[in-house]
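One file, protein_1.cif, is given below (mmCIF, C-alpha atoms and all ligand atoms).
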data_entry
#
loop_
_atom_site.label_atom_id
_atom_site.label_comp_id
_atom_site.auth_asym_id
_atom_site.auth_seq_id
_atom_site.Cartn_x
_atom_site.Cartn_y
_atom_site.Cartn_z
CA MET G 4 97.82 242.57 208.34
CA SER G 5 96.83 240.52 205.30
CA VAL G 6 96.01 236.89 206.01
CA GLU G 7 96.06 233.76 203.90
CA PHE G 8 92.85 231.76 204.34
CA CYS G 9 92.12 228.61 202.34
CA GLY G 10 94.19 229.88 199.43
CA LEU G 11 92.55 233.32 199.51
CA ARG G 12 94.58 236.38 200.46
CA VAL G 13 92.40 238.69 202.57
CA ALA G 14 93.34 242.22 203.63
CA HIS G 15 92.89 241.68 207.39
CA PRO G 16 91.39 239.02 209.72
CA VAL G 17 87.89 240.51 210.18
CA ILE G 18 84.86 239.25 208.26
CA ASN G 19 81.10 239.26 208.96
CA ALA G 20 79.01 236.46 210.44
CA SER G 21 76.43 235.15 207.98
CA GLY G 22 73.04 236.82 208.26
CA THR G 23 74.18 239.79 210.31
CA PHE G 24 74.99 242.29 207.57
CA ASP G 25 72.59 242.76 204.66
CA LEU G 26 74.92 244.27 202.09
CA LEU G 27 72.19 244.95 199.54
CA ALA G 28 70.09 246.86 202.10
CA ALA G 29 73.18 248.63 203.50
CA ALA G 30 74.16 249.80 200.02
CA GLU G 31 70.79 251.55 199.72
CA ALA G 32 70.68 252.86 203.29
CA PHE G 33 74.21 254.21 203.51
CA ASP G 34 74.96 254.99 199.88
CA ASP G 35 78.76 254.80 199.54
CA GLY G 36 79.49 256.09 203.06
CA LEU G 37 79.90 252.69 204.68
CA PHE G 38 82.14 251.22 202.05
CA ASP G 39 85.30 253.24 202.35
CA PRO G 40 86.90 251.16 203.64
CA PHE G 41 84.54 248.21 203.32
CA PRO G 42 84.10 246.88 206.90
CA PHE G 43 85.04 243.27 206.15
CA ALA G 44 88.01 241.51 204.51
CA ALA G 45 85.62 238.95 203.00
CA PHE G 46 81.83 239.05 202.88
CA VAL G 47 79.63 236.12 203.93
CA SER G 48 76.09 236.04 202.52
CA LYS G 49 72.90 235.29 204.44
CA THR G 50 72.02 231.59 204.24
CA ILE G 51 70.57 230.43 200.91
CA THR G 52 68.29 227.40 200.58
CA LEU G 53 67.21 225.53 197.43
CA ALA G 54 63.62 226.86 197.51
CA PRO G 55 62.63 230.42 198.42
CA ARG G 56 61.51 230.88 202.04
CA GLY G 57 59.46 233.59 203.70
CA GLY G 58 61.00 233.12 207.15
CA ASN G 59 59.32 232.81 210.53
CA PRO G 60 56.24 234.71 211.70
CA PRO G 61 56.98 237.81 213.82
CA PRO G 62 58.15 238.69 216.36
CA ARG G 63 61.59 237.56 215.20
CA LEU G 64 63.82 239.26 217.77
CA TRP G 65 64.07 239.43 221.56
CA GLU G 66 66.57 241.65 223.29
CA ALA G 67 68.13 239.61 226.10
CA SER G 68 70.08 241.10 229.01
CA ALA G 69 73.38 240.99 227.15
CA GLY G 70 72.47 239.74 223.73
CA LEU G 71 69.84 239.08 221.13
CA ILE G 72 67.64 236.07 220.47
CA ASN G 73 66.65 235.72 216.83
CA SER G 74 64.20 233.46 215.12
CA ILE G 75 64.47 234.76 211.58
CA GLY G 76 63.81 231.43 209.91
CA LEU G 77 65.98 231.69 206.80
CA PRO G 78 64.03 234.11 204.61
CA ASN G 79 65.75 234.08 201.21
CA ARG G 80 65.02 234.12 197.48
CA GLY G 81 66.13 230.51 197.04
CA LEU G 82 69.08 229.35 194.98
CA HIS G 83 67.87 230.56 191.59
CA GLY G 84 66.76 233.96 192.88
CA TYR G 85 70.15 234.35 194.56
CA LEU G 86 72.08 233.39 191.43
CA GLU G 87 70.01 235.61 189.16
CA HIS G 88 69.43 238.72 191.31
CA ASP G 89 71.65 238.89 194.40
CA LEU G 90 74.93 237.43 193.21
CA PRO G 91 75.60 239.90 190.36
CA ARG G 92 74.79 242.88 192.60
CA LEU G 93 76.88 241.54 195.52
CA HIS G 94 79.79 241.06 193.14
CA GLU G 95 79.42 244.59 191.83
CA LEU G 96 79.40 246.02 195.38
CA LEU G 97 82.28 243.87 196.63
CA GLY G 98 84.78 244.35 193.82
CA GLU G 99 87.95 242.59 194.95
CA VAL G 100 86.57 241.60 198.39
CA PRO G 101 86.00 237.81 198.32
CA LEU G 102 82.39 236.61 198.57
CA VAL G 103 81.56 233.56 200.68
CA THR G 104 78.09 232.15 200.00
CA ASN G 105 76.42 230.42 202.95
CA VAL G 106 74.01 227.56 202.20
CA MET G 107 71.77 225.28 204.24
CA ALA G 108 69.80 222.10 203.56
CA SER G 109 68.59 219.14 205.55
CA THR G 110 70.22 216.40 203.46
CA GLY G 111 73.62 215.88 201.89
CA ASP G 112 72.02 215.60 198.43
CA GLU G 113 70.33 219.00 198.73
CA LEU G 114 73.53 220.56 200.05
CA GLY G 115 75.37 218.99 197.11
CA GLU G 116 72.93 220.54 194.66
CA LEU G 117 73.44 224.00 196.18
CA VAL G 118 77.21 223.61 196.21
CA ALA G 119 77.38 222.35 192.60
CA ALA G 120 75.41 225.37 191.38
CA LEU G 121 77.69 227.79 193.27
CA ASP G 122 80.78 226.00 192.02
CA GLU G 123 79.92 227.21 188.50
CA ARG G 124 79.94 230.87 189.51
CA ALA G 125 83.23 232.75 189.43
CA GLU G 126 81.80 235.46 191.72
CA VAL G 127 81.77 232.95 194.61
CA ALA G 128 85.20 232.65 196.26
CA ALA G 129 84.22 230.10 198.92
CA ILE G 130 81.16 228.27 200.25
CA GLU G 131 80.07 228.07 203.88
CA LEU G 132 77.82 225.14 204.87
CA ASN G 133 75.36 226.03 207.61
CA VAL G 134 74.78 222.66 209.25
CA SER G 135 72.40 223.92 211.94
CA CYS G 136 69.37 222.58 210.07
CA PRO G 137 67.51 219.55 211.49
CA ASN G 138 68.40 216.37 209.68
CA VAL G 139 65.33 214.88 207.99
CA HIS G 140 66.17 211.37 209.25
CA THR G 141 67.29 211.98 212.82
CA GLY G 142 65.62 215.29 213.69
CA LEU G 143 69.01 216.33 215.13
CA ASP G 144 70.86 219.24 213.60
CA LEU G 145 73.03 217.89 210.79
CA GLY G 146 76.00 219.49 212.52
CA ALA G 147 75.26 217.99 215.93
CA ASP G 148 76.40 214.51 214.96
CA PRO G 149 79.91 213.79 213.61
CA VAL G 150 78.72 210.71 211.69
CA GLU G 151 75.83 212.49 209.96
CA LEU G 152 78.01 215.47 209.10
CA ALA G 153 80.77 213.30 207.64
CA ALA G 154 78.18 211.46 205.52
CA ALA G 155 76.82 214.77 204.18
CA LEU G 156 80.32 216.03 203.40
CA ARG G 157 81.14 212.89 201.47
CA VAL G 158 78.32 213.89 199.09
CA VAL G 159 79.15 217.60 199.02
CA ARG G 160 82.96 217.64 198.88
CA PRO G 161 83.34 216.16 195.38
CA ARG G 162 80.94 218.75 193.96
CA THR G 163 83.22 221.75 194.32
CA ALA G 164 86.88 222.69 194.17
CA LYS G 165 86.14 225.95 195.97
CA PRO G 166 87.06 226.24 199.66
CA LEU G 167 84.37 224.66 201.86
CA ILE G 168 83.87 226.15 205.33
CA VAL G 169 81.66 224.20 207.74
CA LYS G 170 79.78 226.50 210.14
CA LEU G 171 79.47 224.52 213.34
CA THR G 172 76.58 224.67 215.76
CA PRO G 173 77.38 225.18 219.45
CA ASN G 174 74.29 223.10 220.28
CA ALA G 175 76.16 219.80 220.11
CA ALA G 176 77.46 217.46 222.78
CA ASP G 177 81.01 217.42 221.43
CA VAL G 178 81.80 220.34 219.12
CA PRO G 179 85.52 219.46 218.65
CA ALA G 180 84.48 215.92 217.57
CA VAL G 181 82.16 217.43 214.95
CA ALA G 182 84.96 219.75 213.79
CA ALA G 183 87.36 216.81 213.50
CA ALA G 184 84.79 214.85 211.48
CA ALA G 185 84.38 217.83 209.15
CA ALA G 186 88.15 218.13 208.68
CA ASP G 187 88.54 214.39 208.04
CA ALA G 188 85.74 214.51 205.45
CA GLY G 189 87.44 217.28 203.48
CA ALA G 190 86.31 220.61 204.93
CA ASP G 191 88.87 223.34 204.24
CA ALA G 192 87.93 225.34 207.35
CA VAL G 193 85.39 225.46 210.17
CA SER G 194 83.60 228.49 211.56
CA LEU G 195 81.98 228.84 214.97
CA ILE G 196 79.93 229.62 216.93
CA ASN G 197 76.45 229.87 215.47
CA THR G 198 73.79 230.98 217.97
CA LEU G 199 72.96 229.12 221.19
CA ARG G 200 69.42 227.73 221.33
CA ALA G 201 67.37 230.00 223.56
CA MET G 202 63.81 230.98 224.42
CA ALA G 203 62.10 233.99 225.96
CA LEU G 204 58.54 234.19 227.25
CA ALA G 205 56.20 237.04 226.42
CA PRO G 206 55.82 239.20 229.54
CA LYS G 207 52.98 237.92 231.75
CA ALA G 208 51.60 235.77 228.93
CA GLY G 209 53.25 232.44 229.76
CA ARG G 210 53.96 231.65 226.12
CA ALA G 211 56.93 232.05 223.80
CA TRP G 212 57.57 235.60 222.62
CA LEU G 213 59.14 234.67 219.29
CA GLY G 214 56.83 233.68 216.45
CA GLY G 215 59.07 230.69 215.77
CA GLY G 216 58.96 229.56 219.43
CA SER G 217 62.62 229.25 220.34
CA GLY G 218 65.52 231.09 218.69
CA GLY G 219 69.27 231.57 218.79
CA LEU G 220 71.18 233.72 221.28
CA SER G 221 74.07 235.89 220.09
CA GLY G 222 75.96 238.95 221.32
CA ALA G 223 78.02 239.61 224.44
CA ALA G 224 76.20 236.87 226.38
CA VAL G 225 77.80 234.14 224.26
CA ARG G 226 81.33 235.56 224.03
CA THR G 227 82.97 233.36 226.66
CA VAL G 228 81.22 230.28 225.26
CA ALA G 229 82.68 231.18 221.87
CA VAL G 230 86.20 231.58 223.28
CA ALA G 231 85.96 228.16 224.95
CA GLN G 232 84.60 226.41 221.85
CA VAL G 233 87.02 228.11 219.43
CA ALA G 234 89.96 227.22 221.69
CA ALA G 235 88.84 223.58 221.92
CA VAL G 236 88.26 223.26 218.16
CA ALA G 237 91.53 225.02 217.22
CA ALA G 238 93.38 222.62 219.49
CA ARG G 239 91.74 219.66 217.78
CA VAL G 240 91.92 220.40 214.02
CA GLU G 241 94.70 221.42 211.63
CA ILE G 242 92.43 223.35 209.26
CA PRO G 243 91.82 227.11 209.76
CA VAL G 244 89.14 228.22 212.20
CA VAL G 245 86.91 231.28 211.82
CA GLY G 246 86.02 232.41 215.34
CA MET G 247 82.92 234.38 216.21
CA GLY G 248 80.51 235.03 219.05
CA GLY G 249 79.94 238.32 220.83
CA VAL G 250 82.87 240.19 219.28
CA GLN G 251 82.34 243.91 219.93
CA THR G 252 85.90 245.25 220.14
CA ALA G 253 89.39 244.58 218.82
CA ALA G 254 90.28 243.08 222.22
CA HIS G 255 87.47 240.53 221.83
CA ALA G 256 88.70 239.70 218.32
CA ARG G 257 92.26 239.38 219.63
CA ASP G 258 91.08 236.84 222.22
CA LEU G 259 89.71 234.60 219.46
CA LEU G 260 92.90 234.96 217.41
CA ASP G 261 94.94 234.16 220.52
CA VAL G 262 93.10 230.89 221.09
CA GLY G 263 93.76 229.80 217.52
CA ALA G 264 91.32 231.46 215.09
CA THR G 265 92.73 232.52 211.71
CA LEU G 266 89.86 234.92 211.00
CA VAL G 267 87.30 236.53 213.29
CA ALA G 268 83.71 237.31 212.33
CA VAL G 269 81.61 240.18 213.67
CA GLY G 270 77.89 239.49 213.97
CA THR G 271 75.40 241.10 216.34
CA GLU G 272 77.65 244.14 216.92
CA SER G 273 77.10 245.19 213.29
CA PHE G 274 73.41 245.80 214.07
CA ARG G 275 74.47 248.42 216.63
CA ASP G 276 77.40 249.78 214.65
CA PRO G 277 77.39 248.91 210.93
CA ALA G 278 81.01 250.09 210.70
CA ALA G 279 82.11 247.77 213.55
CA GLY G 280 84.10 245.51 211.22
CA ALA G 281 86.33 248.38 210.06
CA ARG G 282 86.68 249.69 213.64
CA ILE G 283 87.73 246.26 214.93
CA ALA G 284 90.16 245.70 212.04
CA ARG G 285 91.77 249.11 212.75
CA GLY G 286 91.97 248.24 216.44
CA LEU G 287 93.65 244.92 215.71
CA GLN G 288 96.23 246.66 213.58
CA ALA G 289 97.06 248.95 216.48
CA SER G 290 97.08 246.24 219.18
CA PRO G 291 99.98 243.95 220.08
CA ALA G 292 100.08 240.61 218.33
CA ASN G 293 99.50 237.19 219.85
CA ARG G 294 100.22 237.04 223.55
CA GLY G 295 101.43 233.47 223.26
CA PHE G 296 98.40 231.45 224.37
CA SER G 297 98.88 227.85 223.38
CA PRO G 298 95.51 226.14 222.97
CA ALA G 299 97.03 222.68 222.77
CA GLU G 300 98.56 223.09 226.23
CA GLN G 301 95.78 224.92 227.97
CA VAL G 302 92.47 223.44 226.79
O1 LIG R 401 67.72 232.49 209.85
C1 LIG R 401 67.85 232.21 211.05
O2 LIG R 401 66.91 232.23 211.85
C2 LIG R 401 69.17 231.85 211.61
C3 LIG R 401 70.10 231.05 210.99
BR1 LIG R 401 69.87 230.37 209.29
C4 LIG R 401 71.30 230.69 211.66
O3 LIG R 401 72.17 229.96 211.19
N1 LIG R 401 71.49 231.19 212.91
C5 LIG R 401 70.57 231.97 213.52
O4 LIG R 401 70.78 232.38 214.66
N2 LIG R 401 69.43 232.31 212.86
#
Would you write out, as structure tokens, the structure that this file holds?
Ligand code: RRO
Amino acid sequence: MSVEFCGLRVAHPVINASGTFDLLAAAEAFDDGLFDPFPFAAFVSKTITLAPRGGNPPPRLWEASAGLINSIGLPNRGLHGYLEHDLPRLHELLGEVPLVTNVMASTGDELGELVAALDERAEVAAIELNVSCPNVHTGLDLGADPVELAAALRVVRPRTAKPLIVKLTPNAADVPAVAAAAADAGADAVSLINTLRAMALAPKAGRAWLGGGSGGLSGAAVRTVAVAQVAAVAARVEIPVVGMGGVQTAAHARDLLDVGATLVAVGTESFRDPAAGARIARGLQASPANRGFSPAEQV
């Protein structure tokens, strides 16, 4: 079941969605029990920013009818804390499993600085750019506008030879156009979907429940949106696509592979079942291969 992805050979097509599996915490909570086999064929870190961030005020989660709204707000140690403390430990825990480091910034220059620093570290196999951050000039998410994203990538691309994966936001008017702009500007792969912008009100209070105001919806509720967006993007670009959004079972993962994803990421389901990645990879191995969906014809 091994898969070739951006020059990396991974054991199977199932990885984690950034920010949904805290490997350092899991290593303490589960000792070695969770890691045989390790649930994911490659591991994607939580998003790293240049400066340390405390994240949003609580509450940070809202359980929706068929999903989860989060407003975590990027808590992280910042680039230097990550390089010094987290990266060596992640590498030790992962062994041969490739590490993808996810980064976010609001300008191309800041993204370039993050990427250049990661480029120097052999422990990092690939870099994922989270472009869901508001652009400082337009106020729009960097990844909502093909022109802004291409401009950022022109700064970032020359700063690393490592595979660059652009994590697309679903909160854009034309996601395939953004994916095409990323591919044209040198991205090696795209991943989608990030969470859908959402809001929940505190019961009877008439104000937002989440400390950050609005948040991002994930889980079963977004699965069919993910299938539609992954199909449309896979039909539009030649580069590999990492599909995610509400994957809970091998059948859900198979749907994303069938519409053109090369890898599938498990996100919210790992909160319920930390071994979901391994379960889904086993299920894929046992299930029939591609049923012959042709995204180019059917989207
Ligand atoms: O940290 C977050 O609140 C967060 C991030 Br960076 C993201 O990309 N997607 C999301 O749903 N939450």
**OP:** Using all atoms listed in the file, find each protein or nucleic acid residue lying at most 7 Å from ligand LIG 401 (chain R); present the set as a PyMOL selection string.
**Re:** chain G and resi 50+73-78+133+135+197-198+218-220
**OP:** Within 12 Å of Asp276 (chain G), counting only C-alpha atoms, which residues show up once you throw out same-chain ones fewer than 3 positions away? Write them as an MDAnalysis selection string, please.
**Re:** chainID G and resid 23:24 29 37 42 250:252 269:273 279:283
**OP:** Choose the residue, out of G:Leu96, G:Val158, G:Ala182, G:Val244, that has the smallest atom-to-atom separation from Ala28 (chain G); count only C-alpha atoms.
**Re:** G:Leu96
**OP:** Measuring atom to atom with all atoms listed in the file, identify which of G:Asp89, G:Leu213, G:Leu287, G:Ser5 is nearest to Pro60 (chain G).
**Re:**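 Among the listed residues, the smallest separation from Pro60 (chain G) belongs to G:Leu213.
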Original post:
Of the residues G:Gly214, G:Gly146, G:Pro62, G:Gly81, which is the one nearest to Thr110 (chain G), using all atoms listed in the file?
Top reply: G:Gly146
Subject >> CA of Gly58 (chain G) to CA of Ser217 (chain G), straight-line distance in Å >> reply: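 Atom-to-atom, CA of Ser217 (chain G) and CA of Gly58 (chain G) are spaced 13.8 Å apart.
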**OP:** Compile the contact shell of Leu82 (chain G) as a VMD selection string: residues with an atom at most 10 Å away, counting all atoms listed in the file, same-chain residues fewer than 2 positions apart removed.
**Re:** chain G and resid 50 to 55 79 to 80 84 to 87 89 106 116 to 117 120 to 121
Original post:
Interatomic distance between CA of Arg160 (chain G) and CA of Gly189 (chain G)?
Top reply: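 CA of Gly189 (chain G) lies 6.4 Å from CA of Arg160 (chain G).
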Original post:
Distance CA of Cys9 (chain G)-CA of Leu27 (chain G), one decimal place?
Top reply: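 Calculated distance between CA of Cys9 (chain G) and CA of Leu27 (chain G) is 25.9 Å.
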Original post:
In terms of the shortest atom-to-atom distance over all atoms listed in the file, which of G:Ile72, G:Ala192, G:Ala235, G:Ala208 is closest to Asp177 (chain G)?
Top reply: G:Ala235
Original post:
Quick one: of G:Ile130, G:Ala183, G:Ala188, G:Ala253, who's nearest to Ser21 (chain G), counting all atoms listed in the file?
Top reply: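 Ranked by minimum distance to Ser21 (chain G), first place goes to G:Ile130.
Nearest-residue note for Ala20 (chain G): choosing from G:Met247, G:Ala119, G:Val240, G:Val233, the minimum distance belongs to G:Met247, counting all atoms listed in the file.
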Counting only C-alpha atoms, find the residues whose atoms lie at most 12 Å from (85.4, 218.6, 190.3) (file coordinates) and write them out as a CSV table (one decimal) with C-alpha atoms, keeping the file's coordinate frame.
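Final output, saved to out-v6.csv:
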chain,number,residue,atom,x,y,z
G,118,VAL,CA,77.2,223.6,196.2
G,119,ALA,CA,77.4,222.4,192.6
G,122,ASP,CA,80.8,226.0,192.0
G,123,GLU,CA,79.9,227.2,188.5
G,159,VAL,CA,79.2,217.6,199.0
G,160,ARG,CA,83.0,217.6,198.9
G,161,PRO,CA,83.3,216.2,195.4
G,162,ARG,CA,80.9,218.8,194.0
G,163,THR,CA,83.2,221.8,194.3
G,164,ALA,CA,86.9,222.7,194.2
G,165,LYS,CA,86.1,226.0,196.0
Original post:
Hey, what's within 10 Å of Ala155 (chain G) if we count all atoms listed in the file and toss same-chain stuff fewer than 4 positions away? As a list in words, please?
Top reply: Ser109, Thr110, Gly111, Asp112, Glu113, Leu114, Gly115, Val134, Leu145, Gly146, Pro149, Val150, Glu151, Val159, Arg160, Ala185 and Ala188 of chain G
Subject >> Contacts of His255 (chain G) at 12 Å (only C-alpha atoms; same-chain gap of 3+ positions) as an MDAnalysis selection string >> reply: chainID G and resid 17 222:223 225:227 229:230 246:252 258:262 264 267:269 272 283:284 286:287 290
Please identify all polymer residues lying at most 9 Å from the point (76.1, 216.6, 219.5) (file coordinates), using all atoms listed in the file, and present the result as a compact mmCIF listing (two decimals) with C-alpha atoms, in the coordinates of the input.
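Ended up saving to result-v2.txt:
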# COMPACT_ATOMS: atom_id res chain seq x y z
CA LEU G 143 69.01 216.33 215.13
CA ASP G 144 70.86 219.24 213.60
CA GLY G 146 76.00 219.49 212.52
CA ALA G 147 75.26 217.99 215.93
CA ASP G 148 76.40 214.51 214.96
CA PRO G 149 79.91 213.79 213.61
CA THR G 172 76.58 224.67 215.76
CA PRO G 173 77.38 225.18 219.45
CA ASN G 174 74.29 223.10 220.28
CA ALA G 175 76.16 219.80 220.11
CA ALA G 176 77.46 217.46 222.78
CA ASP G 177 81.01 217.42 221.43
CA VAL G 178 81.80 220.34 219.12
CA ALA G 180 84.48 215.92 217.57
CA VAL G 181 82.16 217.43 214.95
